[in-house]
$ cat protein17.tsv   # TSV, C-alpha atoms
chain	number	residue	atom	x	y	z
A	244	MET	CA	2.76	20.40	35.03
A	245	ARG	CA	2.86	16.90	36.46
A	246	LEU	CA	0.53	14.30	34.96
A	247	SER	CA	-0.89	11.46	36.97
A	248	PRO	CA	0.25	8.04	35.72
A	249	ALA	CA	-3.34	7.10	34.84
A	250	PHE	CA	-3.86	10.28	32.83
A	251	ALA	CA	-0.49	9.89	31.08
A	252	ALA	CA	-1.48	6.32	30.11
A	253	LEU	CA	-4.83	7.56	28.81
A	254	LEU	CA	-3.11	10.26	26.73
A	255	ALA	CA	-0.65	7.68	25.38
A	256	ASP	CA	-3.57	5.49	24.25
A	257	ALA	CA	-5.27	8.53	22.69
A	258	LEU	CA	-2.07	9.34	20.78
A	259	LEU	CA	-1.94	5.76	19.57
A	260	VAL	CA	-5.50	6.05	18.24
A	261	LEU	CA	-4.60	9.36	16.57
A	262	HIS	CA	-1.55	7.70	15.04
A	263	LEU	CA	-3.76	4.95	13.63
A	264	ALA	CA	-6.11	7.60	12.17
A	265	VAL	CA	-3.15	9.31	10.48
A	266	ILE	CA	-2.00	6.00	9.02
A	267	ALA	CA	-5.53	5.23	7.81
A	268	PHE	CA	-5.76	8.68	6.17
A	269	VAL	CA	-2.42	8.19	4.43
A	270	LEU	CA	-3.16	4.66	3.19
A	271	LEU	CA	-6.83	5.12	2.34
A	272	GLY	CA	-6.24	8.53	0.77
A	273	LEU	CA	-4.19	7.04	-2.04
A	274	CYS	CA	-6.69	4.24	-2.60
A	275	LEU	CA	-9.65	6.62	-2.59
A	276	ALA	CA	-8.01	8.94	-5.11
A	277	TRP	CA	-7.73	6.10	-7.62
A	278	ILE	CA	-11.12	4.60	-6.86
A	279	GLY	CA	-12.65	8.07	-7.11
A	280	ARG	CA	-11.02	8.63	-10.47
A	281	TRP	CA	-12.45	5.35	-11.72
A	282	ARG	CA	-15.89	6.03	-10.16
A	283	HIS	CA	-15.89	9.71	-11.23
A	284	TRP	CA	-16.18	11.05	-7.69
A	285	SER	CA	-15.62	14.79	-7.94
A	286	TRP	CA	-14.50	15.16	-4.30
A	287	VAL	CA	-11.28	13.21	-4.91
A	288	HIS	CA	-10.07	16.17	-6.97
A	289	ARG	CA	-10.38	18.64	-4.09
A	290	ARG	CA	-7.07	20.39	-3.69
A	291	GLY	CA	-7.30	20.78	0.11
A	292	TRP	CA	-7.41	17.15	1.16
A	293	ARG	CA	-5.15	16.06	-1.69
A	294	GLY	CA	-2.58	18.67	-0.69
A	295	LEU	CA	-2.73	17.61	2.96
A	296	HIS	CA	-2.36	13.98	1.92
A	297	LEU	CA	0.63	14.75	-0.29
A	298	LEU	CA	2.35	16.84	2.39
A	299	MET	CA	1.86	14.16	5.04
A	300	CYS	CA	3.27	11.42	2.79
A	301	VAL	CA	6.31	13.46	1.78
A	302	TRP	CA	6.89	14.53	5.42
A	303	ILE	CA	6.83	10.88	6.56
A	304	ALA	CA	9.31	9.87	3.84
A	305	VAL	CA	11.63	12.80	4.67
A	306	GLN	CA	11.54	11.89	8.37
A	307	THR	CA	12.81	8.39	7.61
A	308	TRP	CA	15.55	9.74	5.35
A	309	LEU	CA	16.64	11.95	8.25
A	310	GLY	CA	16.51	9.01	10.65
A	311	GLN	CA	13.77	10.55	12.79
A	312	LEU	CA	10.88	8.84	14.48
A	313	CYS	CA	7.37	10.16	14.04
A	314	PRO	CA	6.62	12.78	16.74
A	315	LEU	CA	3.46	10.84	17.66
A	316	THR	CA	5.63	7.80	18.45
A	317	VAL	CA	8.04	9.88	20.54
A	318	TRP	CA	5.22	11.59	22.48
A	319	GLU	CA	3.45	8.31	23.10
A	320	GLN	CA	6.63	6.69	24.43
A	321	ASP	CA	7.30	9.70	26.68
A	322	LEU	CA	3.76	9.49	28.08
A	323	ARG	CA	4.11	5.75	28.69
A	324	ARG	CA	7.31	6.41	30.67
A	325	LEU	CA	5.48	9.09	32.69
A	326	ALA	CA	2.73	6.54	33.32
A	327	GLY	CA	5.33	4.14	34.68
A	328	GLN	CA	4.85	1.77	31.78
A	329	ALA	CA	7.59	0.28	29.71
A	330	THR	CA	7.13	1.32	26.10
A	331	HIS	CA	6.09	-2.23	25.23
A	332	GLN	CA	3.45	-2.51	27.97
A	333	GLU	CA	0.17	-0.84	27.24
A	334	SER	CA	-3.54	-1.21	27.75
A	335	PHE	CA	-5.49	-3.82	25.81
A	336	ILE	CA	-6.37	-1.34	23.06
A	337	GLY	CA	-2.88	0.08	23.12
A	338	HIS	CA	-1.35	-3.38	22.83
A	339	TRP	CA	-3.29	-4.34	19.71
A	340	LEU	CA	-2.98	-0.96	18.04
A	341	SER	CA	0.76	-1.03	18.70
A	342	ARG	CA	1.03	-4.44	17.09
A	343	LEU	CA	-0.82	-3.08	14.06
A	344	ILE	CA	1.28	0.07	13.76
A	345	TYR	CA	4.80	-0.82	14.92
A	346	TRP	CA	6.70	-3.50	13.00
A	347	ASP	CA	10.08	-4.93	13.80
A	348	ALA	CA	12.12	-4.38	10.64
A	349	PRO	CA	15.39	-2.71	9.70
A	350	TRP	CA	15.22	1.07	9.23
A	351	TRP	CA	15.99	0.78	5.50
A	352	VAL	CA	12.76	-1.18	5.00
A	353	PHE	CA	10.72	1.75	6.36
A	354	THR	CA	12.75	4.27	4.36
A	355	LEU	CA	12.17	2.32	1.15
A	356	ALA	CA	8.46	1.73	1.87
A	357	TYR	CA	7.71	5.33	2.88
A	358	THR	CA	9.68	6.74	-0.05
A	359	GLY	CA	7.93	4.42	-2.50
A	360	PHE	CA	4.55	5.32	-1.06
A	361	ALA	CA	5.31	9.05	-1.23
A	362	LEU	CA	6.35	8.65	-4.88
A	363	ALA	CA	3.07	6.83	-5.57
A	364	VAL	CA	1.20	9.75	-4.02
A	365	VAL	CA	3.16	12.24	-6.15
A	366	LEU	CA	2.37	10.17	-9.26
A	367	THR	CA	-1.29	10.12	-8.23
A	368	TRP	CA	-1.17	13.92	-7.86
A	369	VAL	CA	-0.07	14.08	-11.52
A	370	LEU	CA	-2.43	11.43	-12.91
A	371	VAL	CA	-5.49	12.16	-10.76
A	372	ARG	CA	-5.23	15.93	-10.87
A	373	PRO	CA	-6.61	17.95	-7.99
A	374	ARG	CA	-8.66	20.93	-8.99
A	375	GLY	CA	-9.04	24.30	-7.39
A	376	PRO	CA	-12.38	25.59	-6.09
A	377	ALA	CA	-13.02	27.53	-9.32
A	378	SER	CA	-12.83	24.47	-11.58
A	379	GLY	CA	-16.32	23.22	-10.76
A	380	PRO	CA	-17.58	19.70	-10.11
A	381	GLY	CA	-16.13	16.43	-11.32
$ encode --input "protein17.tsv" --output "structure tokens"
Amino acid sequence: MRLSPAFAALLADALLVLHLAVIAFVLLGLCLAWIGRWRHWSWVHRRGWRGLHLLMCVWIAVQTWLGQLCPLTVWEQDLRRLAGQATHQESFIGHWLSRLIYWDAPWWVFTLAYTGFALAVVLTWVLVRPRGPASGPG
């Protein structure tokens, strides 16, 4: 299937927005778990979202240890090439979201940051225990 350049650019921007949503979920998820513990929010103990959060954080850290880029980044770059755009040229929204998401730093910085964050999420899993559906509220 051949995509039109305009549609490929639109899909690339959509992937960038999705990427931002994933990042927000990962970052805010850790913060909300601790705030929820402090505020006694029962929903922060739900095993489903806590498990998804933990898996995503560990997966991101493992990817960096393996030297792999996030699939969302790879797909977005492929779509930008199909759209005839250089990977650094995007729409207005794409430009600013890219600046927010993609930083110019050595790979080891990302590996250290993602690993540290994943360890913080694992520690949160232990200290702010998720509960199964049978455990009841709060």
$ residues_near_point --input "protein17.tsv" --point "(10.3, 5.2, 2.5)" --cutoff "12 Å" --atoms "all atoms listed in the file" --output "count of residues only"
26
$ residues_around --input "protein17.tsv" --residues "Thr367 in chain A" --least-positions-apart "2" --cutoff "10 Å" --atoms "only C-alpha atoms" --output "list of chain:residue names"
A:Leu273, A:Cys274, A:Ala276, A:Trp277, A:Arg293, A:Leu297, A:Ala361, A:Leu362, A:Ala363, A:Val364, A:Val365, A:Val369, A:Leu370, A:Val371, A:Arg372, A:Pro373
$ atom_distance --input "protein17.tsv" --atom1 "CA of Ala251 in chain A" --atom2 "CA of Thr316 in chain A"
14.2 Å
$ closest_residue --input "protein17.tsv" --among "A:Gln328, A:Gln320, A:Ser341, A:Ser285" --to "Leu263 in chain A" --atoms "all atoms listed in the file"
A:Ser341
$ residues_near_point --input "protein17.tsv" --point "(4.0, 10.3, 14.3)" --cutoff "10 Å" --atoms "only C-alpha atoms" --output "CSV table (one decimal) with C-alpha atoms, in the frame of the given file"
chain,number,residue,atom,x,y,z
A,258,LEU,CA,-2.1,9.3,20.8
A,259,LEU,CA,-1.9,5.8,19.6
A,261,LEU,CA,-4.6,9.4,16.6
A,262,HIS,CA,-1.6,7.7,15.0
A,263,LEU,CA,-3.8,5.0,13.6
A,265,VAL,CA,-3.2,9.3,10.5
A,266,ILE,CA,-2.0,6.0,9.0
A,303,ILE,CA,6.8,10.9,6.6
A,306,GLN,CA,11.5,11.9,8.4
A,311,GLN,CA,13.8,10.6,12.8
A,312,LEU,CA,10.9,8.8,14.5
A,313,CYS,CA,7.4,10.2,14.0
A,314,PRO,CA,6.6,12.8,16.7
A,315,LEU,CA,3.5,10.8,17.7
A,316,THR,CA,5.6,7.8,18.4
A,317,VAL,CA,8.0,9.9,20.5
A,318,TRP,CA,5.2,11.6,22.5
A,319,GLU,CA,3.4,8.3,23.1
$ atom_distance --input "protein17.tsv" --atom1 "CA of Leu325 in chain A" --atom2 "CA of Ala257 in chain A"
14.7 Å
$ atom_distance --input "protein17.tsv" --atom1 "CA of Met299 in chain A" --atom2 "CA of Ala267 in chain A"
11.9 Å
$ decode --input "protein17.tsv" --residues "range 245-379 of chain A" --atoms "C-alpha atoms" --output "compact mmCIF listing (two decimals), in the first residue's frame"
# COMPACT_ATOMS: atom_id res chain seq x y z
CA ARG A 245 1.37 3.38 -0.99
CA LEU A 246 0.61 6.34 1.28
CA SER A 247 0.25 9.84 -0.03
CA PRO A 248 2.90 12.22 1.36
CA ALA A 249 0.22 14.30 3.09
CA PHE A 250 -1.31 11.25 4.77
CA ALA A 251 2.12 9.93 5.80
CA ALA A 252 2.89 13.33 7.37
CA LEU A 253 -0.44 13.28 9.20
CA LEU A 254 0.25 9.77 10.52
CA ALA A 255 3.74 10.85 11.61
CA ASP A 256 2.22 13.74 13.60
CA ALA A 257 -0.37 11.37 15.11
CA LEU A 258 2.41 9.00 16.18
CA LEU A 259 4.23 11.92 17.76
CA VAL A 260 1.11 12.81 19.77
CA LEU A 261 0.75 9.15 20.80
CA HIS A 262 4.40 9.14 21.83
CA LEU A 263 3.79 12.20 24.00
CA ALA A 264 0.78 10.46 25.59
CA VAL A 265 2.94 7.41 26.41
CA ILE A 266 5.58 9.65 27.97
CA ALA A 267 2.93 11.48 29.99
CA PHE A 268 1.49 8.16 31.21
CA VAL A 269 4.94 6.94 32.25
CA LEU A 270 5.95 10.15 34.04
CA LEU A 271 2.59 11.01 35.59
CA GLY A 272 1.90 7.41 36.57
CA LEU A 273 4.77 7.38 39.03
CA CYS A 274 3.80 10.77 40.45
CA LEU A 275 0.14 9.80 40.78
CA ALA A 276 0.99 6.57 42.59
CA TRP A 277 2.80 8.51 45.32
CA ILE A 278 0.30 11.35 45.48
CA GLY A 279 -2.50 8.79 45.63
CA ARG A 280 -0.81 6.98 48.47
CA TRP A 281 -0.51 10.23 50.38
CA ARG A 282 -4.09 11.29 49.52
CA HIS A 283 -5.51 7.78 50.12
CA TRP A 284 -6.85 7.39 46.58
CA SER A 285 -7.89 3.76 46.25
CA TRP A 286 -7.58 3.71 42.44
CA VAL A 287 -3.77 4.07 42.59
CA HIS A 288 -3.66 0.53 43.96
CA ARG A 289 -5.40 -1.00 40.95
CA ARG A 290 -3.24 -3.78 39.64
CA GLY A 291 -4.15 -3.29 35.96
CA TRP A 292 -2.86 0.22 35.39
CA ARG A 293 0.03 -0.26 37.81
CA GLY A 294 1.08 -3.42 35.98
CA LEU A 295 0.87 -1.69 32.60
CA HIS A 296 2.89 1.22 33.97
CA LEU A 297 5.56 -1.09 35.38
CA LEU A 298 5.82 -3.12 32.17
CA MET A 299 6.14 0.01 30.03
CA CYS A 300 8.89 1.47 32.23
CA VAL A 301 10.88 -1.76 32.32
CA TRP A 302 10.42 -2.23 28.54
CA ILE A 303 11.76 1.30 27.90
CA ALA A 304 14.79 0.68 30.12
CA VAL A 305 15.51 -2.69 28.47
CA GLN A 306 15.29 -1.11 25.01
CA THR A 307 18.01 1.38 25.90
CA TRP A 308 20.21 -1.36 27.35
CA LEU A 309 19.83 -3.20 24.04
CA GLY A 310 20.62 -0.03 22.09
CA GLN A 311 17.21 0.09 20.41
CA LEU A 312 15.11 3.10 19.60
CA CYS A 313 11.48 3.21 20.60
CA PRO A 314 9.30 1.70 17.84
CA LEU A 315 7.17 4.86 17.85
CA THR A 316 10.28 6.89 16.99
CA VAL A 317 11.26 4.48 14.20
CA TRP A 318 7.74 4.45 12.71
CA GLU A 319 7.46 8.22 12.88
CA GLN A 320 10.80 8.67 11.11
CA ASP A 321 9.79 6.16 8.42
CA LEU A 322 6.52 8.02 7.85
CA ARG A 323 8.33 11.35 7.63
CA ARG A 324 10.63 9.90 4.95
CA LEU A 325 7.56 8.61 3.06
CA ALA A 326 6.10 12.11 3.34
CA GLY A 327 9.24 13.51 1.75
CA GLN A 328 10.23 15.25 4.96
CA ALA A 329 13.62 15.09 6.56
CA THR A 330 13.28 13.63 10.03
CA HIS A 331 13.99 17.05 11.53
CA GLN A 332 11.36 18.89 9.47
CA GLU A 333 7.81 18.54 10.67
CA SER A 334 4.59 20.43 11.01
CA PHE A 335 4.23 23.16 13.62
CA ILE A 336 2.78 20.74 16.18
CA GLY A 337 5.29 18.10 15.20
CA HIS A 338 8.17 20.54 15.58
CA TRP A 339 7.28 21.55 19.13
CA LEU A 340 6.36 18.06 20.28
CA SER A 341 9.65 16.78 18.85
CA ARG A 342 11.57 19.42 20.77
CA LEU A 343 9.77 18.33 23.93
CA ILE A 344 10.35 14.61 23.40
CA TYR A 345 13.72 14.25 21.63
CA TRP A 346 16.82 15.53 23.41
CA ASP A 347 20.34 15.64 22.09
CA ALA A 348 22.38 13.71 24.65
CA PRO A 349 24.73 10.74 24.66
CA TRP A 350 23.04 7.32 24.70
CA TRP A 351 24.39 6.53 28.19
CA VAL A 352 22.40 9.47 29.59
CA PHE A 353 19.15 7.92 28.36
CA THR A 354 20.17 4.46 29.57
CA LEU A 355 20.94 5.80 33.03
CA ALA A 356 17.77 7.93 33.20
CA TYR A 357 15.43 5.20 31.94
CA THR A 358 17.01 2.58 34.19
CA GLY A 359 16.78 4.87 37.22
CA PHE A 360 13.17 5.67 36.43
CA ALA A 361 12.30 1.99 35.99
CA LEU A 362 13.92 1.22 39.35
CA ALA A 363 11.86 4.01 40.94
CA VAL A 364 8.71 2.43 39.48
CA VAL A 365 9.72 -1.00 40.83
CA LEU A 366 10.34 0.55 44.26
CA THR A 367 6.94 2.25 44.05
CA TRP A 368 5.39 -1.14 43.21
CA VAL A 369 6.82 -2.44 46.50
CA LEU A 370 6.04 0.60 48.67
CA VAL A 371 2.68 1.57 47.15
CA ARG A 372 1.33 -1.94 46.75
CA PRO A 373 -1.17 -2.63 44.00
CA ARG A 374 -4.13 -4.70 45.05
CA GLY A 375 -6.13 -7.25 43.18
CA PRO A 376 -9.85 -6.84 42.47
CA ALA A 377 -10.78 -8.97 45.50
CA SER A 378 -8.99 -6.75 48.02
CA GLY A 379 -11.69 -4.08 48.12
